[in-house]
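Asks: Just query-v4.txt, nothing more (compact mmCIF, C-alpha atoms):
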```
# COMPACT_ATOMS: atom_id res chain seq x y z
CA MET E 852 0.00 0.00 0.00
CA LEU E 853 2.84 2.39 0.86
CA ALA E 854 4.53 1.63 -2.46
CA ALA E 855 1.31 2.39 -4.36
CA ALA E 856 0.94 5.72 -2.55
CA VAL E 857 4.57 6.65 -3.27
CA LEU E 858 4.22 5.72 -6.95
CA TYR E 859 1.09 7.85 -7.16
CA LEU E 860 2.93 10.77 -5.54
CA LEU E 861 5.76 10.42 -8.06
CA GLY E 862 3.30 10.30 -10.93
CA VAL E 863 1.45 13.39 -9.74
CA ALA E 864 4.73 15.26 -9.27
CA ALA E 865 5.79 14.28 -12.80
CA VAL E 866 2.53 15.66 -14.23
CA TRP E 867 2.95 18.88 -12.26
CA LEU E 868 6.50 19.41 -13.55
CA ALA E 869 5.79 18.34 -17.13
CA LEU E 870 2.54 20.23 -17.75
CA PRO E 871 4.05 23.74 -18.07
CA ILE E 872 6.62 22.36 -20.49
CA LEU E 873 4.41 20.14 -22.65
CA GLY E 874 0.95 21.72 -22.34
CA ASP E 875 0.17 23.70 -25.52
CA ARG E 876 3.10 21.94 -27.14
CA PHE E 877 2.53 18.14 -27.13
CA TRP E 878 -1.00 17.00 -27.95
CA PRO E 879 -1.68 14.61 -24.99
CA ALA E 880 -0.55 17.33 -22.58
CA THR E 881 -2.75 19.89 -24.34
CA LEU E 882 -5.78 17.64 -23.91
CA PHE E 883 -5.02 17.39 -20.20
CA LEU E 884 -4.28 21.12 -19.96
CA PHE E 885 -7.75 22.11 -21.20
CA GLY E 886 -9.63 19.01 -20.04
CA PRO E 887 -11.17 17.85 -16.77
CA ARG E 888 -8.00 17.63 -14.71
CA GLN E 889 -9.97 16.32 -11.72
CA VAL E 890 -9.56 12.80 -13.12
CA ILE E 891 -6.01 12.75 -11.76
CA ALA E 892 -7.47 12.72 -8.23
CA LEU E 893 -9.51 9.54 -8.78
CA PRO E 894 -6.80 7.15 -7.46
CA LEU E 895 -7.09 8.90 -4.09
CA LEU E 896 -10.55 7.38 -3.74
CA ILE E 897 -8.86 4.00 -3.50
CA ILE E 898 -5.52 4.89 -1.89
CA VAL E 899 -6.88 6.84 1.10
CA PRO E 900 -9.44 4.26 2.31
CA ALA E 901 -6.95 1.44 1.73
CA ALA E 902 -4.27 3.32 3.67
CA LEU E 903 -6.66 3.85 6.58
CA LEU E 904 -7.39 0.14 6.70
CA LEU E 905 -4.01 -1.39 5.86
CA ARG E 906 -1.12 1.00 6.43
CA ARG E 907 -1.59 4.49 7.73
CA ARG E 908 1.96 5.55 6.84
CA ALA E 909 0.74 5.61 3.23
CA LEU E 910 -1.40 8.60 4.14
CA ILE E 911 1.71 10.80 4.14
CA PRO E 912 2.56 10.44 0.41
CA ALA E 913 -1.17 10.45 -0.35
CA ALA E 914 -1.57 13.78 1.45
CA LEU E 915 1.42 15.25 -0.41
CA ALA E 916 -0.02 14.04 -3.70
CA ALA E 917 -3.42 15.54 -2.83
CA ALA E 918 -1.78 18.89 -2.07
CA ILE E 919 -0.06 18.88 -5.47
CA VAL E 920 -3.30 17.94 -7.23
CA VAL E 921 -5.41 20.63 -5.57
CA GLY E 922 -2.75 23.34 -5.75
CA PRO E 923 -0.45 23.36 -8.79
CA ILE E 924 -2.47 20.98 -11.00
CA LEU E 925 -6.06 22.11 -10.36
CA GLY E 926 -4.90 25.67 -9.73
CA TYR E 927 -6.21 26.42 -6.24
CA CYS E 928 -4.81 29.77 -5.10
CA LEU E 929 -4.32 30.51 -1.42
CA SER E 930 -2.55 33.82 -1.01
CA LEU E 931 -1.88 35.77 2.16
CA ARG E 932 -3.23 38.90 0.53
CA ALA E 933 -6.51 37.17 -0.26
CA LEU E 934 -6.83 35.98 3.33
CA THR E 935 -6.01 39.36 4.86
CA GLY E 936 -7.79 41.50 2.26
CA GLY E 937 -4.60 43.25 1.16
CA SER E 938 -3.84 46.78 2.30
CA GLY E 939 -6.89 48.44 0.76
CA ARG E 940 -8.62 48.96 -2.53
CA GLY E 941 -5.52 50.19 -4.32
CA ASP E 942 -5.28 52.83 -7.04
CA LEU E 943 -7.12 51.07 -9.86
CA ARG E 944 -9.89 48.48 -10.00
CA VAL E 945 -10.12 46.68 -13.33
CA ALA E 946 -12.67 44.14 -14.53
CA SER E 947 -12.56 41.91 -17.60
CA PHE E 948 -15.46 39.90 -18.96
CA ASN E 949 -16.05 37.83 -22.09
CA THR E 950 -19.78 38.23 -22.79
CA GLY E 951 -19.76 35.18 -25.05
CA SER E 952 -21.32 36.86 -28.10
CA ARG E 953 -24.71 36.51 -26.46
CA ALA E 954 -27.38 39.15 -26.12
CA MET E 955 -26.15 40.85 -22.96
CA SER E 956 -28.69 42.09 -20.42
CA MET E 957 -27.78 45.74 -19.96
CA GLU E 958 -29.54 45.79 -16.61
CA ARG E 959 -27.41 42.91 -15.32
CA LEU E 960 -24.27 44.61 -16.58
CA LYS E 961 -25.23 47.91 -14.95
CA ALA E 962 -26.03 46.13 -11.68
CA PHE E 963 -22.64 44.38 -11.80
CA VAL E 964 -20.83 47.69 -12.33
CA ALA E 965 -22.86 49.38 -9.58
CA GLU E 966 -22.04 46.60 -7.12
CA SER E 967 -18.39 45.88 -7.98
CA ARG E 968 -17.50 49.50 -8.86
CA PRO E 969 -14.67 48.94 -11.34
CA ASP E 970 -12.76 51.94 -12.64
CA VAL E 971 -12.26 50.24 -16.00
CA LEU E 972 -14.38 47.46 -17.54
CA ALA E 973 -13.00 45.61 -20.58
CA LEU E 974 -15.36 43.36 -22.56
CA GLN E 975 -14.57 40.72 -25.17
CA GLU E 976 -17.01 39.24 -27.71
CA CYS E 977 -19.06 42.32 -26.94
CA SER E 978 -22.15 42.75 -29.12
CA ILE E 979 -23.44 45.86 -27.35
CA PRO E 980 -23.66 48.88 -29.66
CA GLU E 981 -21.63 51.89 -28.60
CA PRO E 982 -24.68 54.19 -28.26
CA ASP E 983 -26.25 51.71 -25.82
CA LEU E 984 -23.12 51.56 -23.68
CA THR E 985 -22.81 55.34 -23.72
CA ALA E 986 -26.43 55.72 -22.65
CA ALA E 987 -26.02 53.10 -19.91
CA PHE E 988 -22.88 54.70 -18.47
CA PRO E 989 -23.20 58.48 -18.82
CA GLY E 990 -20.07 60.32 -17.80
CA TRP E 991 -17.84 57.37 -18.67
CA SER E 992 -15.42 56.97 -21.55
CA VAL E 993 -16.75 54.34 -23.98
CA HIS E 994 -14.97 52.70 -26.90
CA VAL E 995 -16.20 49.87 -29.16
CA ASP E 996 -14.18 48.14 -31.88
CA ARG E 997 -15.36 44.95 -33.62
CA GLY E 998 -16.48 42.99 -30.62
CA MET E 999 -14.16 44.61 -28.10
CA CYS E 1000 -15.58 47.19 -25.69
CA LEU E 1001 -14.12 49.43 -23.03
CA VAL E 1002 -15.95 51.43 -20.39
CA SER E 1003 -13.85 53.68 -18.17
CA ARG E 1004 -14.62 56.10 -15.34
CA TYR E 1005 -11.51 57.98 -16.32
CA PRO E 1006 -10.67 59.82 -19.57
CA VAL E 1007 -9.38 57.68 -22.40
CA LEU E 1008 -6.67 59.79 -24.00
CA LYS E 1009 -5.96 57.47 -26.92
CA ALA E 1010 -7.36 54.24 -28.34
CA GLU E 1011 -5.42 52.00 -30.75
CA SER E 1012 -6.57 48.78 -32.39
CA ARG E 1013 -4.16 46.47 -34.17
CA ASP E 1014 -5.15 45.63 -37.74
CA ARG E 1015 -6.37 42.02 -37.57
CA ASN E 1016 -6.42 41.22 -41.29
CA ASP E 1017 -3.19 39.21 -41.21
CA VAL E 1018 -4.46 37.13 -38.29
CA TRP E 1019 -7.88 36.65 -39.88
CA ARG E 1020 -6.26 35.42 -43.09
CA ALA E 1021 -4.44 32.79 -41.03
CA GLY E 1022 -7.72 31.72 -39.43
CA GLY E 1023 -7.12 33.34 -36.04
CA HIS E 1024 -8.80 35.97 -33.89
CA GLY E 1025 -6.09 38.25 -32.52
CA ALA E 1026 -8.04 41.17 -31.04
CA ILE E 1027 -5.43 43.51 -29.55
CA LEU E 1028 -6.41 46.98 -28.35
CA ARG E 1029 -4.32 49.48 -26.42
CA TYR E 1030 -5.59 52.48 -24.49
CA ALA E 1031 -3.94 55.40 -22.75
CA ILE E 1032 -6.03 56.22 -19.68
CA ALA E 1033 -5.55 59.10 -17.22
CA LEU E 1034 -5.66 57.93 -13.61
CA PRO E 1035 -6.26 60.69 -11.03
CA ASP E 1036 -3.50 61.38 -8.56
CA ARG E 1037 -4.83 59.93 -5.32
CA ALA E 1038 -2.16 61.80 -3.38
CA THR E 1039 -3.73 65.12 -4.37
CA PRO E 1040 -6.12 66.44 -1.70
CA GLY E 1041 -9.66 66.09 -2.93
CA ALA E 1042 -8.76 63.78 -5.79
CA PRO E 1043 -11.83 61.71 -6.77
CA HIS E 1044 -11.90 57.96 -6.39
CA HIS E 1045 -15.20 56.46 -7.42
CA ALA E 1046 -16.79 59.18 -9.50
CA PRO E 1047 -14.17 61.32 -11.25
CA VAL E 1048 -15.31 64.05 -13.62
CA PRO E 1049 -13.61 63.62 -17.01
CA ALA E 1050 -11.68 66.53 -18.40
CA ALA E 1051 -14.20 66.86 -21.21
CA ALA E 1052 -16.90 67.64 -18.66
CA THR E 1053 -15.68 71.18 -18.13
CA ALA E 1054 -15.88 71.94 -21.83
CA ALA E 1055 -19.32 70.32 -22.08
CA ALA E 1056 -20.63 72.33 -19.16
CA ALA E 1057 -19.21 75.54 -20.54
CA ALA E 1058 -20.81 74.89 -23.92
CA ALA E 1059 -24.15 74.20 -22.29
CA ALA E 1060 -23.93 77.39 -20.25
CA ALA E 1061 -23.01 79.44 -23.30
CA ALA E 1062 -26.06 78.06 -25.09
CA GLY E 1063 -28.24 79.07 -22.20
CA ALA E 1064 -29.11 75.48 -21.27
CA PRO E 1065 -30.24 74.92 -17.68
CA ASP E 1066 -28.05 72.97 -15.35
CA ALA E 1067 -28.93 69.28 -15.66
CA PRO E 1068 -28.42 66.76 -12.87
CA GLY E 1069 -26.32 63.67 -13.36
CA ALA E 1070 -22.96 62.90 -14.94
CA PRO E 1071 -21.64 64.77 -17.99
CA ASP E 1072 -21.43 63.29 -21.47
CA ALA E 1073 -18.78 60.63 -21.87
CA PRO E 1074 -15.50 61.94 -23.30
CA ARG E 1075 -14.23 60.40 -26.50
CA PRO E 1076 -10.67 59.11 -26.92
CA GLY E 1077 -8.54 62.21 -27.20
CA ALA E 1078 -9.76 63.81 -23.97
CA GLN E 1079 -7.23 65.76 -21.92
CA ALA E 1080 -5.84 64.44 -18.66
CA ALA E 1081 -6.58 66.39 -15.51
CA PRO E 1082 -3.64 68.11 -13.77
CA GLY E 1083 -1.68 65.66 -11.66
CA ALA E 1084 -3.11 62.61 -13.41
CA ARG E 1085 -0.94 59.56 -14.08
CA THR E 1086 -1.35 57.91 -17.46
CA PHE E 1087 -1.23 54.14 -17.85
CA SER E 1088 -1.62 51.81 -20.82
CA LEU E 1089 -4.39 49.22 -20.71
CA LEU E 1090 -4.39 46.38 -23.23
CA ASN E 1091 -7.62 44.52 -23.91
CA LEU E 1092 -6.92 41.14 -25.54
CA HIS E 1093 -8.93 38.30 -27.00
CA LEU E 1094 -6.62 35.65 -28.43
CA GLU E 1095 -7.32 32.55 -30.49
CA THR E 1096 -9.08 29.61 -28.83
CA PRO E 1097 -7.62 26.07 -28.82
CA ARG E 1098 -11.12 24.69 -29.45
CA GLU E 1099 -10.48 23.51 -33.03
CA ALA E 1100 -7.37 21.60 -31.99
CA ILE E 1101 -9.09 19.99 -29.00
CA GLU E 1102 -12.13 18.93 -31.01
CA ALA E 1103 -9.89 17.46 -33.71
CA LEU E 1104 -7.87 15.51 -31.12
CA MET E 1105 -11.02 14.21 -29.44
CA HIS E 1106 -12.15 12.73 -32.74
CA GLY E 1107 -8.82 11.58 -34.19
CA LEU E 1108 -6.22 11.61 -31.39
CA TRP E 1109 -2.70 11.27 -32.87
CA LYS E 1110 -4.11 11.39 -36.39
CA GLN E 1111 -4.93 15.06 -35.76
CA ALA E 1112 -1.53 15.99 -34.31
CA ALA E 1113 -0.79 18.18 -37.34
CA GLU E 1114 -3.98 20.20 -36.75
CA HIS E 1115 -3.00 20.56 -33.11
CA ASP E 1116 0.42 21.89 -34.11
CA ARG E 1117 -1.13 24.34 -36.58
CA VAL E 1118 -3.46 25.83 -33.97
CA ILE E 1119 -0.69 25.98 -31.36
CA ALA E 1120 1.57 27.86 -33.80
CA LEU E 1121 -1.25 30.30 -34.57
CA ARG E 1122 -1.93 30.91 -30.88
CA ALA E 1123 1.76 31.41 -30.14
CA TRP E 1124 1.99 33.93 -33.00
CA GLU E 1125 -0.98 35.89 -31.65
CA SER E 1126 0.61 36.01 -28.20
CA GLU E 1127 3.83 37.22 -29.79
CA LEU E 1128 1.96 40.01 -31.59
CA ALA E 1129 0.14 40.97 -28.39
CA ARG E 1130 3.35 40.95 -26.40
CA GLN E 1131 4.93 43.30 -28.93
CA TRP E 1132 2.09 45.75 -28.39
CA VAL E 1133 2.58 45.47 -24.63
CA ASP E 1134 6.32 46.08 -24.93
CA GLU E 1135 5.68 49.12 -27.13
CA ALA E 1136 3.17 50.63 -24.70
CA PRO E 1137 4.19 54.22 -23.90
CA TYR E 1138 3.00 54.02 -20.28
CA PRO E 1139 3.02 51.47 -17.44
CA ALA E 1140 0.95 48.56 -18.72
CA VAL E 1141 -2.00 46.58 -17.37
CA ILE E 1142 -3.11 43.64 -19.53
CA VAL E 1143 -6.62 42.20 -19.32
CA GLY E 1144 -8.78 39.88 -21.39
CA ASP E 1145 -9.47 36.38 -22.61
CA LEU E 1146 -6.06 34.91 -23.40
CA ASN E 1147 -7.60 31.46 -23.94
CA MET E 1148 -4.86 29.77 -21.95
CA PRO E 1149 -4.25 28.84 -18.31
CA VAL E 1150 -1.15 29.89 -16.43
CA ASP E 1151 0.52 26.49 -16.89
CA SER E 1152 0.37 26.68 -20.68
CA ALA E 1153 3.75 26.68 -22.41
CA ILE E 1154 2.57 29.63 -24.49
CA TYR E 1155 1.54 31.55 -21.37
CA ARG E 1156 4.87 30.86 -19.71
CA ARG E 1157 6.77 31.99 -22.78
CA PHE E 1158 5.01 35.30 -23.31
CA TRP E 1159 3.13 36.23 -20.12
CA SER E 1160 4.81 34.71 -17.08
CA GLY E 1161 6.95 37.82 -16.67
CA PHE E 1162 3.89 39.77 -15.54
CA GLU E 1163 2.20 39.50 -12.18
CA ASN E 1164 -0.96 37.44 -12.58
CA ALA E 1165 -3.49 39.17 -10.35
CA PHE E 1166 -5.45 36.08 -9.32
CA SER E 1167 -2.35 33.95 -8.81
CA ARG E 1168 -0.90 36.74 -6.66
CA ALA E 1169 -3.92 37.75 -4.60
CA GLY E 1170 -6.82 35.42 -5.39
CA LEU E 1171 -8.55 32.76 -3.33
CA GLY E 1172 -9.90 29.53 -4.80
CA PHE E 1173 -9.72 27.90 -8.22
CA GLY E 1174 -10.72 31.08 -10.04
CA ALA E 1175 -12.34 29.37 -13.03
CA THR E 1176 -13.50 31.97 -15.55
CA LYS E 1177 -14.61 29.62 -18.35
CA ARG E 1178 -17.21 27.00 -17.50
CA THR E 1179 -18.36 23.85 -19.20
CA ARG E 1180 -21.02 21.42 -18.00
CA TRP E 1181 -18.44 19.38 -16.08
CA PHE E 1182 -15.55 21.62 -15.11
CA GLY E 1183 -14.06 25.11 -15.25
CA ILE E 1184 -10.70 26.64 -16.15
CA ARG E 1185 -9.07 30.04 -15.65
CA ILE E 1186 -8.26 31.41 -19.10
CA ASP E 1187 -9.25 35.07 -18.52
CA HIS E 1188 -6.61 37.12 -16.75
CA VAL E 1189 -5.56 40.45 -15.29
CA LEU E 1190 -1.80 40.94 -15.62
CA ALA E 1191 0.10 43.71 -13.87
CA GLY E 1192 3.15 45.13 -15.60
CA PRO E 1193 6.23 46.61 -13.91
CA GLY E 1194 5.32 49.21 -11.31
CA TRP E 1195 1.94 47.65 -10.51
CA THR E 1196 1.11 45.16 -7.77
CA THR E 1197 -2.11 43.36 -6.90
CA GLU E 1198 -3.92 44.00 -3.64
CA ARG E 1199 -6.89 41.71 -4.30
CA ALA E 1200 -8.36 39.64 -7.13
CA TRP E 1201 -11.63 37.75 -7.37
CA ILE E 1202 -14.17 36.21 -9.74
CA GLY E 1203 -17.44 38.01 -10.35
CA PRO E 1204 -21.00 36.67 -10.56
CA ASP E 1205 -22.78 34.84 -13.36
CA LEU E 1206 -23.91 37.43 -15.92
CA GLY E 1207 -25.36 35.01 -18.46
CA SER E 1208 -22.20 34.06 -20.36
CA ASP E 1209 -20.13 30.87 -20.34
CA HIS E 1210 -17.40 33.08 -18.86
CA LEU E 1211 -17.31 34.82 -15.49
CA PRO E 1212 -15.88 38.30 -14.90
CA ILE E 1213 -12.48 38.64 -13.26
CA LEU E 1214 -11.67 41.71 -11.15
CA ALA E 1215 -8.52 43.02 -9.50
CA ASP E 1216 -7.47 45.92 -7.31
CA LEU E 1217 -4.05 47.18 -8.40
CA ARG E 1218 -1.71 49.56 -6.62
CA TRP E 1219 0.96 51.67 -8.26
CA THR E 1220 4.31 51.05 -6.54
CA GLY E 1221 6.63 52.38 -9.23
CA SER E 1222 8.20 55.78 -9.64
CA PRO E 1223 5.82 58.58 -8.63
CA HIS E 1224 6.81 60.43 -11.80
CA GLU E 1225 6.37 57.56 -14.29
CA GLY E 1226 3.27 58.15 -16.39
CA SER E 1227 2.96 61.73 -15.18
CA PRO E 1228 2.85 64.53 -17.74
```
Let's see the structure in the file written out as C-alpha cells.
Replies:
Amino acid sequence: MLAAAVLYLLGVAAVWLALPILGDRFWPATLFLFGPRQVIALPLLIIVPAALLLRRRALIPAALAAAIVVGPILGYCLSLRALTGGSGRGDLRVASFNTGSRAMSMERLKAFVAESRPDVLALQECSIPEPDLTAAFPGWSVHVDRGMCLVSRYPVLKAESRDRNDVWRAGGHGAILRYAIALPDRATPGAPHHAPVPAAATAAAAAAAAAGAPDAPGAPDAPRPGAQAAPGARTFSLLNLHLETPREAIEALMHGLWKQAAEHDRVIALRAWESELARQWVDEAPYPAVIVGDLNMPVDSAIYRRFWSGFENAFSRAGLGFGATKRTRWFGIRIDHVLAGPGWTTERAWIGPDLGSDHLPILADLRWTGSPHEGSP
C-alpha cells in the first residue's frame, strides 16, 4: 500500500512538472491542460481508504499528492493577501469579462458595475452597440471596436486597435487593443476615487452654459478618446486582448487523437503567434501597462509561460480559490486574466457573478508602486 501511494505521488509530481513544459506543445498534454484535470485525483478514492485500513503511513505520500493535485495541477490559489484583504482597494480596480457573443442584459451589466465598482471594464465578444453603452454609463469613456468594448470612469486619451487582417487570413482571432487612460493622482487632496469628472466635462458644461441650457443633474457626457488628462493625473496603458481559442485543436484531437496531431500543431503555432503580436504591443506601450482579457490559456500553458509569465498574474498573486472563468457542463478553467506590468502590484483579485455568459468576470485591485513620476505629464 505504501509503495502504491509513493508511486502515485511520483506520478502526480511528474505531471505537475511536465505540464508547463508540454501543455500547448505536445497534444496529450494539451488535452489534459484544457480538459477535466480532476480525473487525476480519482486514485485517491482508492488509496486513502486502503491506507486507513491497511497502512496508515501511506497517508503521508497520499496527502502530499493531494496537495499537489489541488494546488499546482487544479490551480487552487491561497494567497496571504486574499486571506487578509490586502492593504486596501488600491489605485485602480479593473474588470474583464467575455460576454460570449450573447445578447447581454444591460440591466445585469449595470447592476454588476454598480455593485463591484470597477474603474475600468473591458469586454470581449461584446455585441453591445456603442450608443447603448454610452447611454447606460453616462459620464464614462466608452470605446467599441469589432467585438471589443471598453468602459472607463476615467478619460481615455488614446485608443489603438491592431489591424487584424493578417491574423484573420491565417484563421485566427487576434483582437489587440491598447488604451492610454488618465488615472487621477490619489495623493492630491480632494482627488476623486469612485466618480471622477472627465476633463471633457468642463468643456461640455461651458458649452451648455453658453447656449443658455439649464443645469442638468447627473454625470456629464462621456469623453471620446482624445480627452485631456486632468492636472496631476498619471497615465497608464491598458491592453484589452482576445486571443485565439484552442477549441479547433481539441475537437480534432477528441475525434482523431494522434491522427490530428498536425492540426493541433497548426493551432498551437497560430496561438503562439498571436501572443507574440500581443506581447509586442505590450512592450511598445508608452506608459506602465496593465493587460486584461481572454487569453484562452491557463497559467501552466507553455505559451503563457513563454510570453506572459513575466507579468504578475493578479489572481495567482492575490486570489482565493480555483478562479475558473470559463465554465463547461463538467468543469471550469481560468483562461481570462488580469496581468500587472512593472510598477503595478495586486492588492486583491476575485471572480465576479454569473452574468449570463459561459465566462465569469475577473476583477482586481491594483496599486501603483513604481516611480511617482512615471506616467505623469
Asks: Quick one, how far is CA of Ala1033 in chain E from CA of Leu1008 in chain E?
Replies: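 So the answer is 6.9 Å.
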Asks: Using all atoms listed in the file, tabulate the residues of range 1120-1198 of chain E lying at most 8 Å from any atom of range 946-960 of chain E, each with its closest atom pair and that distance in Å to one decimal, by chain and increasing residue number, as a Markdown table.
Replies:
```
| residue | atom | partner | partner_atom | distance |
| --- | --- | --- | --- | --- |
| E:Val1143 | CA | E:Ser947 | CA | 6.2 |
| E:Gly1144 | CA | E:Ser947 | CA | 5.7 |
| E:Asp1145 | CA | E:Asn949 | CA | 6.8 |
| E:Asp1187 | CA | E:Ser947 | CA | 7.7 |
| E:His1188 | CA | E:Ser947 | CA | 7.7 |
| E:Val1189 | CA | E:Ser947 | CA | 7.5 |
```
Asks: Please save C-alpha atoms of the selected residues as a PDB file, keeping the file's coordinate frame.
Replies:
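selection.pdb was written with the following content:
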```
ATOM      1  CA  VAL E1143      -6.620  42.200 -19.320  1.00  0.00           C
ATOM      2  CA  GLY E1144      -8.780  39.880 -21.390  1.00  0.00           C
ATOM      3  CA  ASP E1145      -9.470  36.380 -22.610  1.00  0.00           C
ATOM      4  CA  ASP E1187      -9.250  35.070 -18.520  1.00  0.00           C
ATOM      5  CA  HIS E1188      -6.610  37.120 -16.750  1.00  0.00           C
ATOM      6  CA  VAL E1189      -5.560  40.450 -15.290  1.00  0.00           C
TER       7      VAL E1189
END
```
Asks: Could you check how far CA of Ala1081 in chain E sits from CA of Leu943 in chain E, in Å to one decimal?
Replies: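 Those two atoms sit 16.3 Å apart.
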Asks: For Thr1096 in chain E, which residue out of E:Arg1122, E:Arg1004, E:Arg876, E:Arg1178 is the nearest one, using all atoms listed in the file?
Replies: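 Of E:Arg1122, E:Arg1004, E:Arg876, E:Arg1178, the one nearest Thr1096 in chain E is E:Arg1122, counting all atoms listed in the file.
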Asks: Hey, which of E:Leu1217, E:Arg1157, E:Gly862, E:Arg1180 ends up closest to Val971 in chain E? Count all atoms listed in the file.
Replies: E:Leu1217
Asks: Given the point (-13.0, 54.3, -15.5) in the coordinates of this file, which residues lie within 10 Å, counting all atoms listed in the file, and how would they look as a list in words?
Replies: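 Residues with an atom at most 10 Å from (-13.0, 54.3, -15.5): Leu943, Arg944, Val945, Arg968, Pro969, Asp970, Val971, Leu972, Gly990, Trp991, Ser992, Val993, Leu1001, Val1002, Ser1003, Arg1004, Tyr1005, Pro1006, Val1007, Ile1032, Ala1033, Leu1034, His1044, His1045, Ala1046, Pro1047 and Pro1049 of chain E.
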Asks: Could you complete range 1149-1170 of chain E so that it carries N, CA and C atoms, and give it back as a CSV table (one decimal), in the coordinates of the input?
Replies:
```csv
chain,number,residue,atom,x,y,z
E,1149,PRO,N,-4.5,28.8,-19.7
E,1149,PRO,CA,-4.2,28.8,-18.3
E,1149,PRO,C,-2.8,29.2,-18.0
E,1150,VAL,N,-2.5,29.4,-16.8
E,1150,VAL,CA,-1.2,29.9,-16.4
E,1150,VAL,C,-0.1,28.8,-16.6
E,1151,ASP,N,-0.5,27.5,-16.7
E,1151,ASP,CA,0.5,26.5,-16.9
E,1151,ASP,C,0.6,26.1,-18.3
E,1152,SER,N,0.1,26.9,-19.3
E,1152,SER,CA,0.4,26.7,-20.7
E,1152,SER,C,1.8,27.1,-21.0
E,1153,ALA,N,2.4,26.3,-21.9
E,1153,ALA,CA,3.8,26.7,-22.4
E,1153,ALA,C,3.7,28.0,-23.1
E,1154,ILE,N,2.7,28.3,-23.8
E,1154,ILE,CA,2.6,29.6,-24.5
E,1154,ILE,C,2.5,30.8,-23.5
E,1155,TYR,N,1.7,30.5,-22.4
E,1155,TYR,CA,1.5,31.6,-21.4
E,1155,TYR,C,2.9,31.8,-20.7
E,1156,ARG,N,3.6,30.7,-20.4
E,1156,ARG,CA,4.9,30.9,-19.7
E,1156,ARG,C,5.9,31.5,-20.6
E,1157,ARG,N,5.8,31.4,-21.9
E,1157,ARG,CA,6.8,32.0,-22.8
E,1157,ARG,C,6.5,33.5,-22.9
E,1158,PHE,N,5.3,33.9,-23.0
E,1158,PHE,CA,5.0,35.3,-23.3
E,1158,PHE,C,4.5,36.1,-22.1
E,1159,TRP,N,3.9,35.5,-21.1
E,1159,TRP,CA,3.1,36.2,-20.1
E,1159,TRP,C,3.6,36.0,-18.7
E,1160,SER,N,4.4,35.0,-18.5
E,1160,SER,CA,4.8,34.7,-17.1
E,1160,SER,C,5.6,35.8,-16.4
E,1161,GLY,N,6.2,36.7,-17.2
E,1161,GLY,CA,7.0,37.8,-16.7
E,1161,GLY,C,6.1,38.9,-16.0
E,1162,PHE,N,4.8,38.8,-16.2
E,1162,PHE,CA,3.9,39.8,-15.5
E,1162,PHE,C,3.3,39.1,-14.3
E,1163,GLU,N,2.9,40.0,-13.4
E,1163,GLU,CA,2.2,39.5,-12.2
E,1163,GLU,C,0.8,39.1,-12.5
E,1164,ASN,N,0.4,37.9,-12.4
E,1164,ASN,CA,-1.0,37.4,-12.6
E,1164,ASN,C,-1.8,37.8,-11.3
E,1165,ALA,N,-2.8,38.6,-11.5
E,1165,ALA,CA,-3.5,39.2,-10.4
E,1165,ALA,C,-4.1,38.1,-9.5
E,1166,PHE,N,-4.8,37.1,-10.1
E,1166,PHE,CA,-5.4,36.1,-9.3
E,1166,PHE,C,-4.4,35.1,-8.7
E,1167,SER,N,-3.4,34.8,-9.4
E,1167,SER,CA,-2.4,34.0,-8.8
E,1167,SER,C,-1.7,34.6,-7.6
E,1168,ARG,N,-1.6,36.0,-7.7
E,1168,ARG,CA,-0.9,36.7,-6.7
E,1168,ARG,C,-1.8,37.0,-5.5
E,1169,ALA,N,-3.1,37.3,-5.7
E,1169,ALA,CA,-3.9,37.8,-4.6
E,1169,ALA,C,-5.3,37.2,-4.7
E,1170,GLY,N,-5.5,36.0,-5.3
E,1170,GLY,CA,-6.8,35.4,-5.4
E,1170,GLY,C,-7.0,34.3,-4.4
```
